[in-house]
Amino acid sequence: MPLIAMRPVVRIDLALAELEIAYNEQVGWADACRINADARLVLLGVQGLLRDGHLDAEALRDTAFVLGCENPSMSSYREFDTGMRAGRRTALAYSHALPSIPLASAALRYQLRGHTYTLVGGPDVGLRVLALGRQMLASRRARQVVVGCWCVHAENVSTRHSGRARIQLALLQHVAATASSNPYHPWSSP
Amino acid sequence: MRVVVTGMGALSSAGSSVAELDRALRESRSGIKLFGPNEDGYPPHGLAGRVVTRASASTLRGQAMLDQVFDEAIAQAGLAGRLAGARLYLGTIHGHLDNWSAARADQPHDTSDNFAALPWNFAAQLGEHGLRSSDATLISTACTASAAAIGLALDALRTGSTSVAVVAGVEVMSLFLYDGFVALRALGKQCRPFDVRHDGLVLGEGAAALILETESHARLRNAQALAEIAGYGFGLDSLSLTAPDPSGTGAAVAIREALVDARLATPPRYVNAHGTGTKHNDNMECAALRRVFGTEIGQLAVSSTKSLMGHLCGAAGATEVICSILALRGGYMPSTFGLDTPEVRWDDIDFVRGGPREERFDSVLSLNSGFGGTNSAVLVQRA
């Protein structure tokens with residue numbers, strides 16, 4: 001099996017209130033003014049790949065993405081569920097109440113062409129993400145894969161937990177695809 | 001490396017086992033019924049493909065559905081009690097959303113998102129089937145979820161990560177799901193894929209499971225290979241979060257990748273289309289087929305089995321691959337129930353209608369598309 005290198009590339013940890021500001025400053029996608037907080041966070045993360053020069057726009061389009069989350073798009077789930085109980089069926093809330101909508105928003109915004117997968121699970125979902133990213137390289141479905149996890153914890157007044165938005169992304173590539181003086185940390189696939 | 005299917009389990013309104021599903025396909029018998037508001041409130045009204053589960057009061061419906069198809073598939077494969085180390089790839093959109101929504105009724109303002117009550121917590125039941133939660137991957141790519149699960153399992157087997165994979169899809173109809181499609185105005189008066197009168201989809205629910213193995217592993221234990229999963233492809237529209245790309249570009253990418261992946265020299269004879277019955281989807285899918293096959297499109301026979309069970313959303317891909325395998329093995333092409341007059345603009349496409357067509361063929365292409373512009377293609381061949 002070929003050597004695969006992983007490079008951590010984006011790490012964002014914001015109070016939920018700051019997410020809106022950061023999104024407007026760095027992404028500012030007017031077409032998606034009503035997307036949920038999860039989608040804004042994922043877009044902010046992908047924008048970080050470009051902003052920090054890890055990938056250019058063309059390379060980004062052909063990159064595969066495998067992202068994981070424990071509780072994706074819950075704000076949209078809650079919004080539609082609450083509205084439904086009150087007799088309101090809001091199409092927008094429903095169409096965003098899917099785990100894969102955040103990554104789909106990134107695909108739309110950055111015109112992605114590679115495979116994109118959203119995995120859902122418990123606290124160990126990141127391990128599945130990493131394994132799948134490595135598999136995508138081994139099976140030659142992609143030449144490079146962005147793997148990562150995100151979470152958006154809503155503010156909870158009763159438990160006094162403030163809202164938090166976190167995303168961490170890493171870039172997986174075959175070692176041969178990286179420069180010889182690369183800063184990556186390779187390991188051998190089993 | 002060849003990857004084969006050695007076990008299948010299916011549950012939908014068209015049948016509560018693979019044998020019942022086979023009969024429904026051969027008889028073009030639809031399980032879609034008109035429901036009025038009933039005691040559990042699902043669906044509130046209208047057409048739907050609902051299933052009867054063996055769920056007890058304490059068992060989640062989605063869990064009961066999965067238990068049933070796991071049992072059937074694992075028994076057919078002869079792997080009961082022998083799944084240690086097997087990987088599970090599970091495709092679903094909303095998981096146990098019915099449970100989450102019901103739990104939330106008591107605390108509508110609770111935002112704690114306790115994982116135990118979240119829709120995607122499937123870990124508890126896996127041990128009963130000899131699977132470990134640490135070997136489970138839950139994929140949620142909208143209505144391509146369980147087709148993607150098949151594709152990812154295929155790659156895991158090919159790359160030697162495992163020699164046995166359990167692939168499943170499940171989707172439970174809930175008031176949330178039903179009302180969501182009402183909100184989107186996507187529901188039709190009848191499921192009529194590719195018909196001039198197609199006006200929307202009909203929702204269904206159910207589960208499906210397949211046991212995938214490397215051919216060498218299946219041979220070693222003298223397991224019967226039911227079919228070969230020969231290729232998989234994935235494509236993105238990147239055009240809209242909810243509407244498909246009318247040009248069919250993303251679906252065409254998925255189809256081409258699956259054909260190349262399978263090293264198929266000639267077009268597959270039969271296509272089990274996503275075929276939801278919405279104008280947008282039907283037109284996109286036909287455009288994609290024309291884009292890929294061009295003048296050879298007349299060599300394909302196309303039908304949608306959703307017309308017999310409704311749209312199983314996250315479980316659609318796995319269920320329709322099972323339909324494809326049944327057709328391949330049984331020497332028939334399922335008919336599109338409700339398709340009387342195909343759209344004139346697709347008159348170069350050979351739609352199977354008016355009853356199943358008896359014909360022996362060697363390969364099937366199963367297509368799915370979903371919200372967010374995901375498209376998948378699974379190529380199945382005779383084993």
# chains A, B, ... in the order shown; residues from 1 in each chain; ligands from 1
call {"tool": "residues_around", "arguments": {"residues": "Arg113 in chain A", "least_positions_apart": "5", "cutoff": "10 Å", "atoms": "only C-alpha atoms", "output": "list of chain:residue names"}}
result
A:Leu60, A:Arg61, A:Asp62, A:Thr63, A:Ala64, A:Ala107, A:Leu108, B:Phe234, B:Gly235, B:Leu236, B:Asp237, B:Ser238, B:Gly250, B:Val253
call {"tool": "interface_residues", "arguments": {"of": "chain B", "to": "chain A", "cutoff": "7 Å", "atoms": "only C-alpha atoms", "output": "PyMOL selection string"}}
result
chain B and resi 93+108+111-112+120-121+137-142+155-156+159+176+179-180+183-184+234-236+238-242+372
call {"tool": "write_last_selection", "arguments": {"atoms": "N, CA and C atoms", "output": "PDB file, in the first residue's frame"}}
result
ATOM      1  N   ILE B  93     -30.798   9.001   5.633  1.00  0.00           N
ATOM      2  CA  ILE B  93     -30.803  10.466   5.732  1.00  0.00           C
ATOM      3  C   ILE B  93     -31.118  10.858   7.172  1.00  0.00           C
ATOM      4  N   PRO B 108     -39.629  20.921  23.664  1.00  0.00           N
ATOM      5  CA  PRO B 108     -39.396  21.528  22.338  1.00  0.00           C
ATOM      6  C   PRO B 108     -38.288  22.573  22.316  1.00  0.00           C
ATOM      7  N   THR B 111     -32.041  22.292  23.534  1.00  0.00           N
ATOM      8  CA  THR B 111     -31.040  22.288  22.451  1.00  0.00           C
ATOM      9  C   THR B 111     -29.785  21.539  22.876  1.00  0.00           C
ATOM     10  N   SER B 112     -29.919  20.634  23.857  1.00  0.00           N
ATOM     11  CA  SER B 112     -28.717  19.994  24.388  1.00  0.00           C
ATOM     12  C   SER B 112     -28.134  18.951  23.435  1.00  0.00           C
ATOM     13  N   TRP B 120     -29.157   9.602  14.579  1.00  0.00           N
ATOM     14  CA  TRP B 120     -28.182   8.745  13.896  1.00  0.00           C
ATOM     15  C   TRP B 120     -27.444   7.809  14.834  1.00  0.00           C
ATOM     16  N   ASN B 121     -28.011   7.555  15.984  1.00  0.00           N
ATOM     17  CA  ASN B 121     -27.382   6.646  16.933  1.00  0.00           C
ATOM     18  C   ASN B 121     -27.876   5.218  16.680  1.00  0.00           C
ATOM     19  N   THR B 137     -19.825   2.480   9.577  1.00  0.00           N
ATOM     20  CA  THR B 137     -19.728   3.802   8.965  1.00  0.00           C
ATOM     21  C   THR B 137     -21.115   4.215   8.521  1.00  0.00           C
ATOM     22  N   LEU B 138     -21.593   5.344   9.029  1.00  0.00           N
ATOM     23  CA  LEU B 138     -22.930   5.813   8.683  1.00  0.00           C
ATOM     24  C   LEU B 138     -22.805   6.956   7.671  1.00  0.00           C
ATOM     25  N   ILE B 139     -23.340   6.718   6.483  1.00  0.00           N
ATOM     26  CA  ILE B 139     -23.206   7.669   5.380  1.00  0.00           C
ATOM     27  C   ILE B 139     -24.523   8.381   5.162  1.00  0.00           C
ATOM     28  N   SER B 140     -24.464   9.698   5.042  1.00  0.00           N
ATOM     29  CA  SER B 140     -25.689  10.457   4.818  1.00  0.00           C
ATOM     30  C   SER B 140     -25.450  11.442   3.675  1.00  0.00           C
ATOM     31  N   THR B 141     -25.768  11.007   2.478  1.00  0.00           N
ATOM     32  CA  THR B 141     -25.601  11.858   1.294  1.00  0.00           C
ATOM     33  C   THR B 141     -26.955  12.022   0.604  1.00  0.00           C
ATOM     34  N   ALA B 142     -27.974  12.291   1.411  1.00  0.00           N
ATOM     35  CA  ALA B 142     -29.355  12.430   0.916  1.00  0.00           C
ATOM     36  C   ALA B 142     -29.804  11.115   0.265  1.00  0.00           C
ATOM     37  N   ASP B 155     -15.154  -0.415  -2.530  1.00  0.00           N
ATOM     38  CA  ASP B 155     -13.759   0.026  -2.479  1.00  0.00           C
ATOM     39  C   ASP B 155     -13.020  -0.573  -1.288  1.00  0.00           C
ATOM     40  N   ALA B 156     -13.706  -0.700  -0.151  1.00  0.00           N
ATOM     41  CA  ALA B 156     -13.066  -1.294   1.030  1.00  0.00           C
ATOM     42  C   ALA B 156     -12.668  -2.738   0.746  1.00  0.00           C
ATOM     43  N   THR B 159      -9.711  -2.838  -1.836  1.00  0.00           N
ATOM     44  CA  THR B 159      -8.408  -2.403  -1.329  1.00  0.00           C
ATOM     45  C   THR B 159      -7.921  -3.271  -0.173  1.00  0.00           C
ATOM     46  N   PHE B 176     -42.446  14.379  10.185  1.00  0.00           N
ATOM     47  CA  PHE B 176     -41.424  15.344   9.788  1.00  0.00           C
ATOM     48  C   PHE B 176     -41.084  15.164   8.301  1.00  0.00           C
ATOM     49  N   ASP B 179     -44.297  15.896   6.081  1.00  0.00           N
ATOM     50  CA  ASP B 179     -44.599  17.328   6.029  1.00  0.00           C
ATOM     51  C   ASP B 179     -43.513  18.098   5.277  1.00  0.00           C
ATOM     52  N   GLY B 180     -42.293  17.606   5.368  1.00  0.00           N
ATOM     53  CA  GLY B 180     -41.212  18.255   4.639  1.00  0.00           C
ATOM     54  C   GLY B 180     -41.450  18.231   3.140  1.00  0.00           C
ATOM     55  N   ALA B 183     -44.171  20.550   2.268  1.00  0.00           N
ATOM     56  CA  ALA B 183     -43.655  21.924   2.219  1.00  0.00           C
ATOM     57  C   ALA B 183     -42.938  22.199   0.906  1.00  0.00           C
ATOM     58  N   LEU B 184     -42.249  21.207   0.398  1.00  0.00           N
ATOM     59  CA  LEU B 184     -41.507  21.387  -0.859  1.00  0.00           C
ATOM     60  C   LEU B 184     -42.410  21.259  -2.086  1.00  0.00           C
ATOM     61  N   PHE B 234     -19.787   8.340  -8.783  1.00  0.00           N
ATOM     62  CA  PHE B 234     -20.408   9.425  -8.020  1.00  0.00           C
ATOM     63  C   PHE B 234     -20.202  10.715  -8.796  1.00  0.00           C
ATOM     64  N   GLY B 235     -21.235  11.558  -8.840  1.00  0.00           N
ATOM     65  CA  GLY B 235     -21.094  12.836  -9.534  1.00  0.00           C
ATOM     66  C   GLY B 235     -21.882  13.920  -8.841  1.00  0.00           C
ATOM     67  N   LEU B 236     -21.380  15.151  -8.943  1.00  0.00           N
ATOM     68  CA  LEU B 236     -22.042  16.288  -8.304  1.00  0.00           C
ATOM     69  C   LEU B 236     -22.636  17.221  -9.348  1.00  0.00           C
ATOM     70  N   SER B 238     -23.620  20.458  -8.329  1.00  0.00           N
ATOM     71  CA  SER B 238     -23.120  21.781  -7.908  1.00  0.00           C
ATOM     72  C   SER B 238     -23.911  22.908  -8.553  1.00  0.00           C
ATOM     73  N   LEU B 239     -25.221  22.750  -8.607  1.00  0.00           N
ATOM     74  CA  LEU B 239     -26.072  23.765  -9.231  1.00  0.00           C
ATOM     75  C   LEU B 239     -27.110  24.305  -8.266  1.00  0.00           C
ATOM     76  N   SER B 240     -27.689  23.429  -7.453  1.00  0.00           N
ATOM     77  CA  SER B 240     -28.746  23.857  -6.540  1.00  0.00           C
ATOM     78  C   SER B 240     -28.781  22.894  -5.357  1.00  0.00           C
ATOM     79  N   LEU B 241     -29.229  23.383  -4.204  1.00  0.00           N
ATOM     80  CA  LEU B 241     -29.312  22.493  -3.042  1.00  0.00           C
ATOM     81  C   LEU B 241     -30.480  21.521  -3.162  1.00  0.00           C
ATOM     82  N   THR B 242     -31.520  21.912  -3.880  1.00  0.00           N
ATOM     83  CA  THR B 242     -32.712  21.048  -3.914  1.00  0.00           C
ATOM     84  C   THR B 242     -33.094  20.558  -5.309  1.00  0.00           C
ATOM     85  N   GLY B 372     -28.869  18.343  -2.677  1.00  0.00           N
ATOM     86  CA  GLY B 372     -27.476  18.728  -2.605  1.00  0.00           C
ATOM     87  C   GLY B 372     -26.728  18.383  -3.873  1.00  0.00           C
TER      88      GLY B 372
END
call {"tool": "select_by_dssp", "arguments": {"residues": "range 25-154 of chain A", "states": "strand (DSSP E or B)", "output": "list of chain:residue names"}}
result
A:Ala64, A:Phe65, A:Val66, A:Leu67, A:Gly68, A:Cys69, A:Thr116, A:Tyr117, A:Thr118, A:Leu119, A:Val120, A:Gln144, A:Val145, A:Val146, A:Val147, A:Gly148, A:Cys149, A:Trp150, A:Cys151, A:Val152, A:His153
call {"tool": "residues_around", "arguments": {"residues": "range 17-26 of chain A", "least_positions_apart": "6", "cutoff": "8 Å", "atoms": "only C-alpha atoms", "output": "PyMOL selection string"}}
result
chain A and resi 37+40-41+43-44+47+163+165
call {"tool": "write_last_selection", "arguments": {"atoms": "all heavy atoms", "output": "PDB file, in the first residue's frame"}}
result
ATOM      1  N   ALA A  37     -26.281  27.273  10.404  1.00  0.00           N
ATOM      2  CA  ALA A  37     -24.973  27.547  11.022  1.00  0.00           C
ATOM      3  C   ALA A  37     -23.941  26.489  10.641  1.00  0.00           C
ATOM      4  O   ALA A  37     -22.764  26.809  10.434  1.00  0.00           O
ATOM      5  CB  ALA A  37     -25.132  27.611  12.533  1.00  0.00           C
ATOM      6  N   ARG A  40     -22.629  27.347   7.254  1.00  0.00           N
ATOM      7  CA  ARG A  40     -21.751  28.518   7.313  1.00  0.00           C
ATOM      8  C   ARG A  40     -20.365  28.130   7.837  1.00  0.00           C
ATOM      9  O   ARG A  40     -19.345  28.601   7.342  1.00  0.00           O
ATOM     10  CB  ARG A  40     -22.364  29.590   8.219  1.00  0.00           C
ATOM     11  CG  ARG A  40     -23.503  30.307   7.564  1.00  0.00           C
ATOM     12  CD  ARG A  40     -24.327  31.122   8.531  1.00  0.00           C
ATOM     13  NE  ARG A  40     -25.529  31.548   7.843  1.00  0.00           N
ATOM     14  CZ  ARG A  40     -25.751  32.791   7.424  1.00  0.00           C
ATOM     15  NH1 ARG A  40     -24.879  33.722   7.667  1.00  0.00           N
ATOM     16  NH2 ARG A  40     -26.850  33.082   6.751  1.00  0.00           N
ATOM     17  N   LEU A  41     -20.360  27.269   8.819  1.00  0.00           N
ATOM     18  CA  LEU A  41     -19.087  26.834   9.404  1.00  0.00           C
ATOM     19  C   LEU A  41     -18.270  26.026   8.385  1.00  0.00           C
ATOM     20  O   LEU A  41     -17.060  26.243   8.236  1.00  0.00           O
ATOM     21  CB  LEU A  41     -19.364  25.989  10.655  1.00  0.00           C
ATOM     22  CG  LEU A  41     -18.145  25.412  11.371  1.00  0.00           C
ATOM     23  CD1 LEU A  41     -17.210  26.519  11.848  1.00  0.00           C
ATOM     24  CD2 LEU A  41     -18.587  24.550  12.553  1.00  0.00           C
ATOM     25  N   LEU A  43     -18.509  26.162   5.124  1.00  0.00           N
ATOM     26  CA  LEU A  43     -18.052  27.099   4.092  1.00  0.00           C
ATOM     27  C   LEU A  43     -16.847  27.913   4.584  1.00  0.00           C
ATOM     28  O   LEU A  43     -15.891  28.142   3.838  1.00  0.00           O
ATOM     29  CB  LEU A  43     -19.194  28.044   3.700  1.00  0.00           C
ATOM     30  CG  LEU A  43     -20.251  27.446   2.777  1.00  0.00           C
ATOM     31  CD1 LEU A  43     -21.516  28.272   2.791  1.00  0.00           C
ATOM     32  CD2 LEU A  43     -19.713  27.351   1.351  1.00  0.00           C
ATOM     33  N   LEU A  44     -16.906  28.310   5.829  1.00  0.00           N
ATOM     34  CA  LEU A  44     -15.789  29.067   6.403  1.00  0.00           C
ATOM     35  C   LEU A  44     -14.520  28.214   6.409  1.00  0.00           C
ATOM     36  O   LEU A  44     -13.421  28.697   6.110  1.00  0.00           O
ATOM     37  CB  LEU A  44     -16.162  29.487   7.835  1.00  0.00           C
ATOM     38  CG  LEU A  44     -15.348  30.569   8.517  1.00  0.00           C
ATOM     39  CD1 LEU A  44     -15.354  31.866   7.725  1.00  0.00           C
ATOM     40  CD2 LEU A  44     -15.886  30.814   9.928  1.00  0.00           C
ATOM     41  N   GLN A  47     -13.274  27.862   2.829  1.00  0.00           N
ATOM     42  CA  GLN A  47     -12.677  29.146   2.434  1.00  0.00           C
ATOM     43  C   GLN A  47     -11.270  29.273   3.014  1.00  0.00           C
ATOM     44  O   GLN A  47     -10.371  29.816   2.367  1.00  0.00           O
ATOM     45  CB  GLN A  47     -13.562  30.296   2.919  1.00  0.00           C
ATOM     46  CG  GLN A  47     -13.069  31.685   2.533  1.00  0.00           C
ATOM     47  CD  GLN A  47     -13.150  31.945   1.033  1.00  0.00           C
ATOM     48  OE1 GLN A  47     -14.043  31.444   0.364  1.00  0.00           O
ATOM     49  NE2 GLN A  47     -12.211  32.704   0.500  1.00  0.00           N
ATOM     50  N   GLY A 163     -23.062  28.822  22.930  1.00  0.00           N
ATOM     51  CA  GLY A 163     -22.911  28.128  21.650  1.00  0.00           C
ATOM     52  C   GLY A 163     -21.477  28.144  21.168  1.00  0.00           C
ATOM     53  O   GLY A 163     -20.710  29.060  21.460  1.00  0.00           O
ATOM     54  N   ALA A 165     -18.851  26.808  17.721  1.00  0.00           N
ATOM     55  CA  ALA A 165     -18.728  26.255  16.370  1.00  0.00           C
ATOM     56  C   ALA A 165     -17.274  25.866  16.140  1.00  0.00           C
ATOM     57  O   ALA A 165     -16.378  26.704  16.283  1.00  0.00           O
ATOM     58  CB  ALA A 165     -19.163  27.289  15.333  1.00  0.00           C
TER      59      ALA A 165
END
call {"tool": "residues_around", "arguments": {"residues": "Phe361 in chain B", "least_positions_apart": "6", "cutoff": "10 Å", "atoms": "only C-alpha atoms", "output": "PDB file with C-alpha atoms, in the first residue's frame"}}
result
ATOM      1  CA  PRO B 268     -25.801  -2.200 -19.767  1.00  0.00           C
ATOM      2  CA  ARG B 269     -29.018  -3.662 -21.120  1.00  0.00           C
ATOM      3  CA  TYR B 270     -31.216  -2.517 -18.249  1.00  0.00           C
ATOM      4  CA  ALA B 327     -34.189  -8.769 -12.342  1.00  0.00           C
ATOM      5  CA  LEU B 328     -30.753  -9.925 -13.486  1.00  0.00           C
ATOM      6  CA  ARG B 329     -31.134 -13.337 -11.889  1.00  0.00           C
ATOM      7  CA  GLY B 330     -34.794 -13.763 -12.797  1.00  0.00           C
ATOM      8  CA  GLY B 331     -34.438 -12.795 -16.446  1.00  0.00           C
ATOM      9  CA  TYR B 332     -36.999  -9.997 -16.381  1.00  0.00           C
ATOM     10  CA  MET B 333     -37.111  -6.225 -16.408  1.00  0.00           C
ATOM     11  CA  GLN B 381     -23.266  -7.895 -13.365  1.00  0.00           C
ATOM     12  CA  ARG B 382     -24.130 -11.536 -13.494  1.00  0.00           C
TER      13      ARG B 382
END
call {"tool": "select_by_dssp", "arguments": {"residues": "range 59-141 of chain A", "states": "helix (DSSP H, G or I)", "output": "PyMOL selection string"}}
result
chain A and resi 59-61+74-85+91-96+101-110+125-138
call {"tool": "closest_residue", "arguments": {"among": "B:Leu365, B:Val18, B:Ala149, B:Leu212", "to": "Leu259 in chain B", "atoms": "only C-alpha atoms"}}
result
B:Leu365
call {"tool": "atom_distance", "arguments": {"atom1": "CA of Cys191 in chain B", "atom2": "CA of Leu308 in chain B"}}
result
8.4 Å
call {"tool": "decode", "arguments": {"residues": "range 189-259 of chain B", "atoms": "C-alpha atoms", "output": "PDB file, in the first residue's frame"}}
result
ATOM      1  CA  LYS B 189     -51.198  12.499  -6.914  1.00  0.00           C
ATOM      2  CA  GLN B 190     -49.776   9.196  -8.121  1.00  0.00           C
ATOM      3  CA  CYS B 191     -46.269   7.890  -8.740  1.00  0.00           C
ATOM      4  CA  ARG B 192     -45.930   8.017 -12.536  1.00  0.00           C
ATOM      5  CA  PRO B 193     -42.225   8.198 -13.420  1.00  0.00           C
ATOM      6  CA  PHE B 194     -41.496   9.334 -16.999  1.00  0.00           C
ATOM      7  CA  ASP B 195     -45.226   9.656 -17.835  1.00  0.00           C
ATOM      8  CA  VAL B 196     -46.615  12.831 -19.408  1.00  0.00           C
ATOM      9  CA  ARG B 197     -48.755  13.176 -16.283  1.00  0.00           C
ATOM     10  CA  HIS B 198     -45.914  12.825 -13.753  1.00  0.00           C
ATOM     11  CA  ASP B 199     -46.519  15.422 -11.077  1.00  0.00           C
ATOM     12  CA  GLY B 200     -44.424  14.405  -8.091  1.00  0.00           C
ATOM     13  CA  LEU B 201     -43.157  11.597  -5.950  1.00  0.00           C
ATOM     14  CA  VAL B 202     -44.835   9.275  -3.475  1.00  0.00           C
ATOM     15  CA  LEU B 203     -42.974   8.628  -0.241  1.00  0.00           C
ATOM     16  CA  GLY B 204     -42.166   5.177   1.014  1.00  0.00           C
ATOM     17  CA  GLU B 205     -40.220   3.678   3.867  1.00  0.00           C
ATOM     18  CA  GLY B 206     -38.219   0.555   4.417  1.00  0.00           C
ATOM     19  CA  ALA B 207     -34.814  -1.005   4.697  1.00  0.00           C
ATOM     20  CA  ALA B 208     -32.478  -3.167   2.660  1.00  0.00           C
ATOM     21  CA  ALA B 209     -29.274  -5.043   3.387  1.00  0.00           C
ATOM     22  CA  LEU B 210     -26.671  -6.738   1.217  1.00  0.00           C
ATOM     23  CA  ILE B 211     -23.720  -8.901   2.171  1.00  0.00           C
ATOM     24  CA  LEU B 212     -20.718  -8.102  -0.011  1.00  0.00           C
ATOM     25  CA  GLU B 213     -17.626 -10.290  -0.111  1.00  0.00           C
ATOM     26  CA  THR B 214     -14.536 -10.648  -2.179  1.00  0.00           C
ATOM     27  CA  GLU B 215     -15.111 -13.458  -4.654  1.00  0.00           C
ATOM     28  CA  SER B 216     -12.199 -15.419  -3.199  1.00  0.00           C
ATOM     29  CA  HIS B 217     -13.655 -15.199   0.309  1.00  0.00           C
ATOM     30  CA  ALA B 218     -17.074 -16.349  -0.912  1.00  0.00           C
ATOM     31  CA  ARG B 219     -15.491 -19.262  -2.802  1.00  0.00           C
ATOM     32  CA  LEU B 220     -13.448 -20.298   0.189  1.00  0.00           C
ATOM     33  CA  ARG B 221     -16.590 -20.847   2.237  1.00  0.00           C
ATOM     34  CA  ASN B 222     -18.659 -22.195  -0.700  1.00  0.00           C
ATOM     35  CA  ALA B 223     -21.106 -19.279  -0.550  1.00  0.00           C
ATOM     36  CA  GLN B 224     -23.317 -18.709  -3.571  1.00  0.00           C
ATOM     37  CA  ALA B 225     -22.563 -15.502  -5.458  1.00  0.00           C
ATOM     38  CA  LEU B 226     -25.883 -13.867  -6.360  1.00  0.00           C
ATOM     39  CA  ALA B 227     -24.352 -11.111  -8.482  1.00  0.00           C
ATOM     40  CA  GLU B 228     -21.225  -9.037  -8.870  1.00  0.00           C
ATOM     41  CA  ILE B 229     -21.002  -5.391  -7.837  1.00  0.00           C
ATOM     42  CA  ALA B 230     -18.794  -4.433 -10.750  1.00  0.00           C
ATOM     43  CA  GLY B 231     -18.670  -0.667 -10.653  1.00  0.00           C
ATOM     44  CA  TYR B 232     -19.568   2.486  -8.777  1.00  0.00           C
ATOM     45  CA  GLY B 233     -19.602   6.131  -9.701  1.00  0.00           C
ATOM     46  CA  PHE B 234     -20.408   9.425  -8.020  1.00  0.00           C
ATOM     47  CA  GLY B 235     -21.094  12.836  -9.534  1.00  0.00           C
ATOM     48  CA  LEU B 236     -22.042  16.288  -8.304  1.00  0.00           C
ATOM     49  CA  ASP B 237     -24.414  18.769  -9.892  1.00  0.00           C
ATOM     50  CA  SER B 238     -23.120  21.781  -7.908  1.00  0.00           C
ATOM     51  CA  LEU B 239     -26.072  23.765  -9.231  1.00  0.00           C
ATOM     52  CA  SER B 240     -28.746  23.857  -6.540  1.00  0.00           C
ATOM     53  CA  LEU B 241     -29.312  22.493  -3.042  1.00  0.00           C
ATOM     54  CA  THR B 242     -32.712  21.048  -3.914  1.00  0.00           C
ATOM     55  CA  ALA B 243     -33.250  20.932  -7.684  1.00  0.00           C
ATOM     56  CA  PRO B 244     -31.344  18.610 -10.013  1.00  0.00           C
ATOM     57  CA  ASP B 245     -29.252  19.955 -12.880  1.00  0.00           C
ATOM     58  CA  PRO B 246     -31.555  19.722 -15.928  1.00  0.00           C
ATOM     59  CA  SER B 247     -28.558  18.968 -18.141  1.00  0.00           C
ATOM     60  CA  GLY B 248     -27.864  15.786 -16.195  1.00  0.00           C
ATOM     61  CA  THR B 249     -24.160  16.596 -15.987  1.00  0.00           C
ATOM     62  CA  GLY B 250     -23.587  15.264 -12.466  1.00  0.00           C
ATOM     63  CA  ALA B 251     -25.539  12.057 -13.059  1.00  0.00           C
ATOM     64  CA  ALA B 252     -23.632  11.553 -16.318  1.00  0.00           C
ATOM     65  CA  VAL B 253     -20.342  11.832 -14.432  1.00  0.00           C
ATOM     66  CA  ALA B 254     -21.544   9.147 -12.008  1.00  0.00           C
ATOM     67  CA  ILE B 255     -22.648   6.834 -14.825  1.00  0.00           C
ATOM     68  CA  ARG B 256     -19.390   7.220 -16.743  1.00  0.00           C
ATOM     69  CA  GLU B 257     -17.329   6.535 -13.637  1.00  0.00           C
ATOM     70  CA  ALA B 258     -19.327   3.380 -12.901  1.00  0.00           C
ATOM     71  CA  LEU B 259     -18.922   2.126 -16.484  1.00  0.00           C
TER      72      LEU B 259
END
